[in-house]
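Comments concern the structure below.
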Amino acid sequence: KGCFDPEIPVNIVDLGLIYDCKVERNSNDERLVTVIMTLTAPGCGMGPVIAADAQARVMTIDGIDDAHVDLVWDPPWNQDMISEEGKMKLGMV
C-alpha cells in the first residue's frame, strides 16, 4: 500500500477514507463538525495536508461554526473501502 497520489481525481469519500462525520451543537448553540478519517497508509506524508483540506472544506458550509478532523488507523484502510464510483475513476472496474 502506498500513499495516495493527489493527482488522481478521486475524493476522500469515494476512496473510503471517511469513517464518520458528526454535527453537534455546543452550549453556545454553535454547530461543530467532527470528521473521523484515515489515510491509505499510516506513513503517508500527505496526512496533515489532507486533514487540513477536509477541515477547511467543512468550514465553508453555511451554518458550521467549527470543524475538527481526527486521523485514525483502526480499522486499517483497504481497497475494499473504495466506492464503486471511485473504483471506476481509478480504473479498477
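The chains in the C-alpha cells are called A, B, ... from first to last as shown; in each chain the residues are counted from 1, and the ligands are counted from 1 in the order shown.
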Selection near region 32-46 of chain A, 6 Å with only C-alpha atoms, sequence-local residues under 6 positions removed, as a PDB file with C-alpha atoms, in the first residue's frame:
ATOM      1  CA  CYS A   3       0.476   6.872  -0.165  1.00  0.00           C
ATOM      2  CA  LEU A  17     -11.182   7.434   3.915  1.00  0.00           C
ATOM      3  CA  ILE A  18     -14.103   8.963   5.846  1.00  0.00           C
ATOM      4  CA  TYR A  19     -15.224   6.704   8.691  1.00  0.00           C
ATOM      5  CA  ASP A  20     -17.631   9.063  10.459  1.00  0.00           C
ATOM      6  CA  CYS A  21     -18.917  12.635  10.409  1.00  0.00           C
ATOM      7  CA  LYS A  22     -20.916  14.157  13.261  1.00  0.00           C
ATOM      8  CA  VAL A  23     -22.611  17.531  13.555  1.00  0.00           C
ATOM      9  CA  GLU A  24     -23.317  18.628  17.120  1.00  0.00           C
ATOM     10  CA  ARG A  25     -24.271  21.824  18.923  1.00  0.00           C
ATOM     11  CA  ASP A  65     -19.011  27.268  13.290  1.00  0.00           C
ATOM     12  CA  ASP A  66     -16.083  24.891  13.839  1.00  0.00           C
ATOM     13  CA  ALA A  67     -14.680  21.654  12.454  1.00  0.00           C
ATOM     14  CA  HIS A  68     -12.191  19.106  13.725  1.00  0.00           C
ATOM     15  CA  VAL A  69     -10.637  16.206  11.809  1.00  0.00           C
ATOM     16  CA  ASP A  70      -9.265  13.180  13.661  1.00  0.00           C
ATOM     17  CA  LEU A  71      -6.927  10.807  11.819  1.00  0.00           C
ATOM     18  CA  VAL A  72      -7.288   7.196  12.967  1.00  0.00           C
ATOM     19  CA  TRP A  73      -5.676   3.920  11.906  1.00  0.00           C
ATOM     20  CA  TRP A  77      -7.878   1.175   5.275  1.00  0.00           C
TER      21      TRP A  77
END
Item to check | Test item: residues at most 6 Å from Asp14 (chain A), only C-alpha atoms, excluding those fewer than 4 positions along its chain, as a ChimeraX atom specification | outcome: /A:82-83,86
Extract, using only C-alpha atoms, all DNA, RNA and protein residues at most 10 Å from region 89-92 of chain A, discarding same-chain residues fewer than 4 positions from it, and format them as a CSV table (one decimal) with all heavy atoms, in the first residue's frame.
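File produced: result_27.csv:
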chain,number,residue,atom,x,y,z
A,8,ILE,N,-4.6,11.9,-8.6
A,8,ILE,CA,-5.7,11.1,-9.0
A,8,ILE,C,-7.0,11.7,-8.6
A,8,ILE,O,-7.2,12.1,-7.5
A,8,ILE,CB,-5.6,9.6,-8.4
A,8,ILE,CG1,-4.3,9.0,-8.9
A,8,ILE,CG2,-6.8,8.8,-8.8
A,8,ILE,CD1,-4.0,7.7,-8.3
A,9,PRO,N,-7.9,11.9,-9.6
A,9,PRO,CA,-9.2,12.7,-9.3
A,9,PRO,C,-10.2,11.9,-8.6
A,9,PRO,O,-11.4,11.8,-9.0
A,9,PRO,CB,-9.6,13.1,-10.7
A,9,PRO,CG,-9.2,12.0,-11.5
A,9,PRO,CD,-7.9,11.5,-11.0
A,10,VAL,N,-9.9,11.4,-7.4
A,10,VAL,CA,-10.9,10.7,-6.6
A,10,VAL,C,-11.0,11.3,-5.2
A,10,VAL,O,-10.0,11.6,-4.6
A,10,VAL,CB,-10.5,9.2,-6.4
A,10,VAL,CG1,-11.6,8.4,-5.6
A,10,VAL,CG2,-10.4,8.5,-7.8
A,14,ASP,N,-15.1,8.8,-1.8
A,14,ASP,CA,-15.1,7.7,-2.7
A,14,ASP,C,-13.9,6.8,-2.4
A,14,ASP,O,-13.9,5.6,-2.7
A,14,ASP,CB,-15.1,8.1,-4.1
A,14,ASP,CG,-16.5,8.6,-4.6
A,14,ASP,OD1,-17.5,8.2,-4.0
A,14,ASP,OD2,-16.5,9.4,-5.5
A,15,LEU,N,-12.8,7.3,-1.9
A,15,LEU,CA,-11.7,6.5,-1.5
A,15,LEU,C,-11.9,5.6,-0.2
A,15,LEU,O,-11.2,4.7,0.1
A,15,LEU,CB,-10.4,7.3,-1.3
A,15,LEU,CG,-9.6,7.6,-2.5
A,15,LEU,CD1,-8.5,8.6,-2.2
A,15,LEU,CD2,-9.1,6.4,-3.2
A,79,GLN,N,-8.4,-1.5,0.0
A,79,GLN,CA,-9.1,-1.2,-1.2
A,79,GLN,C,-10.5,-1.5,-1.3
A,79,GLN,O,-11.3,-1.0,-2.1
A,79,GLN,CB,-8.3,-1.8,-2.4
A,79,GLN,CG,-6.9,-1.2,-2.6
A,79,GLN,CD,-6.2,-1.7,-3.8
A,79,GLN,OE1,-6.7,-2.6,-4.5
A,79,GLN,NE2,-5.0,-1.2,-4.1
A,82,ILE,N,-13.1,1.4,-1.1
A,82,ILE,CA,-13.3,2.4,-2.2
A,82,ILE,C,-14.7,2.1,-2.8
A,82,ILE,O,-15.1,1.0,-3.0
A,82,ILE,CB,-12.2,2.2,-3.3
A,82,ILE,CG1,-10.8,2.4,-2.7
A,82,ILE,CG2,-12.5,3.2,-4.4
A,82,ILE,CD1,-9.7,2.1,-3.7
A,83,SER,N,-15.4,3.2,-3.0
A,83,SER,CA,-16.8,3.1,-3.6
A,83,SER,C,-16.7,2.6,-5.0
A,83,SER,O,-15.6,2.7,-5.7
A,83,SER,CB,-17.5,4.5,-3.6
A,83,SER,OG,-16.9,5.4,-4.5
A,84,GLU,N,-17.8,2.2,-5.6
A,84,GLU,CA,-17.8,1.7,-7.0
A,84,GLU,C,-17.4,2.9,-7.9
A,84,GLU,O,-16.7,2.7,-8.9
A,84,GLU,CB,-19.2,1.2,-7.4
A,84,GLU,CG,-19.5,-0.1,-6.7
A,84,GLU,CD,-18.5,-1.2,-7.1
A,84,GLU,OE1,-18.2,-1.4,-8.3
A,84,GLU,OE2,-18.0,-1.9,-6.2
A,85,GLU,N,-17.9,4.1,-7.6
A,85,GLU,CA,-17.5,5.2,-8.5
A,85,GLU,C,-16.0,5.5,-8.4
A,85,GLU,O,-15.4,5.8,-9.4
A,85,GLU,CB,-18.3,6.5,-8.0
A,85,GLU,CG,-18.0,7.7,-8.9
A,85,GLU,CD,-18.8,8.9,-8.6
A,85,GLU,OE1,-19.9,8.8,-8.0
A,85,GLU,OE2,-18.4,10.0,-8.9
Next on the checklist: I need the residues in chain A that are strand (DSSP E or B) according to DSSP; give them as a PyMOL selection string.
Outcome noted: chain A and resi 18-25+31-37+66-71
Would you export the selected residues with N, CA and C atoms as a compact mmCIF listing (two decimals), in the first residue's frame, please?
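See out03.txt below for the written result:
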# COMPACT_ATOMS: atom_id res chain seq x y z
N ILE A 18 -13.26 8.37 4.81
CA ILE A 18 -14.10 8.96 5.85
C ILE A 18 -14.85 7.85 6.58
N TYR A 19 -14.58 7.73 7.87
CA TYR A 19 -15.22 6.70 8.69
C TYR A 19 -16.48 7.23 9.39
N ASP A 20 -16.48 8.51 9.75
CA ASP A 20 -17.63 9.06 10.46
C ASP A 20 -17.62 10.59 10.34
N CYS A 21 -18.78 11.17 10.43
CA CYS A 21 -18.92 12.64 10.41
C CYS A 21 -20.11 12.97 11.29
N LYS A 22 -19.85 13.79 12.32
CA LYS A 22 -20.92 14.16 13.26
C LYS A 22 -21.06 15.67 13.31
N VAL A 23 -22.31 16.12 13.36
CA VAL A 23 -22.61 17.53 13.55
C VAL A 23 -23.31 17.64 14.90
N GLU A 24 -22.75 18.46 15.79
CA GLU A 24 -23.32 18.63 17.12
C GLU A 24 -23.40 20.12 17.44
N ARG A 25 -24.18 20.45 18.44
CA ARG A 25 -24.27 21.82 18.92
C ARG A 25 -23.65 21.88 20.31
N ARG A 31 -22.67 25.13 15.80
CA ARG A 31 -22.60 23.82 15.15
C ARG A 31 -21.14 23.42 14.96
N LEU A 32 -20.81 22.27 15.52
CA LEU A 32 -19.46 21.74 15.45
C LEU A 32 -19.48 20.43 14.67
N VAL A 33 -18.54 20.28 13.75
CA VAL A 33 -18.43 19.07 12.95
C VAL A 33 -17.15 18.33 13.34
N THR A 34 -17.29 17.03 13.58
CA THR A 34 -16.14 16.18 13.83
C THR A 34 -16.10 15.12 12.73
N VAL A 35 -14.98 15.06 12.04
CA VAL A 35 -14.77 14.06 10.98
C VAL A 35 -13.73 13.07 11.48
N ILE A 36 -14.06 11.79 11.39
CA ILE A 36 -13.11 10.72 11.70
C ILE A 36 -12.70 10.12 10.37
N MET A 37 -11.40 10.16 10.09
CA MET A 37 -10.93 9.66 8.80
C MET A 37 -9.60 8.93 8.95
N ASP A 66 -17.41 25.45 13.61
CA ASP A 66 -16.08 24.89 13.84
C ASP A 66 -16.05 23.47 13.31
N ALA A 67 -14.85 23.01 12.96
CA ALA A 67 -14.68 21.65 12.45
C ALA A 67 -13.37 21.10 12.99
N HIS A 68 -13.38 19.80 13.24
CA HIS A 68 -12.19 19.11 13.72
C HIS A 68 -12.08 17.79 12.97
N VAL A 69 -10.88 17.47 12.53
CA VAL A 69 -10.64 16.21 11.81
C VAL A 69 -9.68 15.36 12.64
N ASP A 70 -10.11 14.13 12.94
CA ASP A 70 -9.27 13.18 13.66
C ASP A 70 -8.80 12.10 12.70
N LEU A 71 -7.48 11.90 12.61
CA LEU A 71 -6.93 10.81 11.82
C LEU A 71 -6.81 9.57 12.70
Next on the checklist: Taking only chain A into account, list the residues labelled alpha helix (DSSP H) by DSSP (computed from the backbone), as a PyMOL selection string.
Outcome noted: chain A and resi 47-59+84-89
Next on the checklist: Between CA of Asp80 (chain A) and CA of Ala54 (chain A), what is the distance in Å, rounded to a tenth?
Outcome noted: 21.8 Å
Next on the checklist: Just the number, please: distance in Å from CA of Asn28 (chain A) to CA of Ile64 (chain A), one decimal.
Outcome noted: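 Atom-to-atom, CA of Asn28 (chain A) and CA of Ile64 (chain A) are spaced 12.9 Å apart.
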Checklist entry - What is the distance between CA of Ile61 (chain A) and CA of Val49 (chain A), in Å to one decimal? => result 19.3 Å
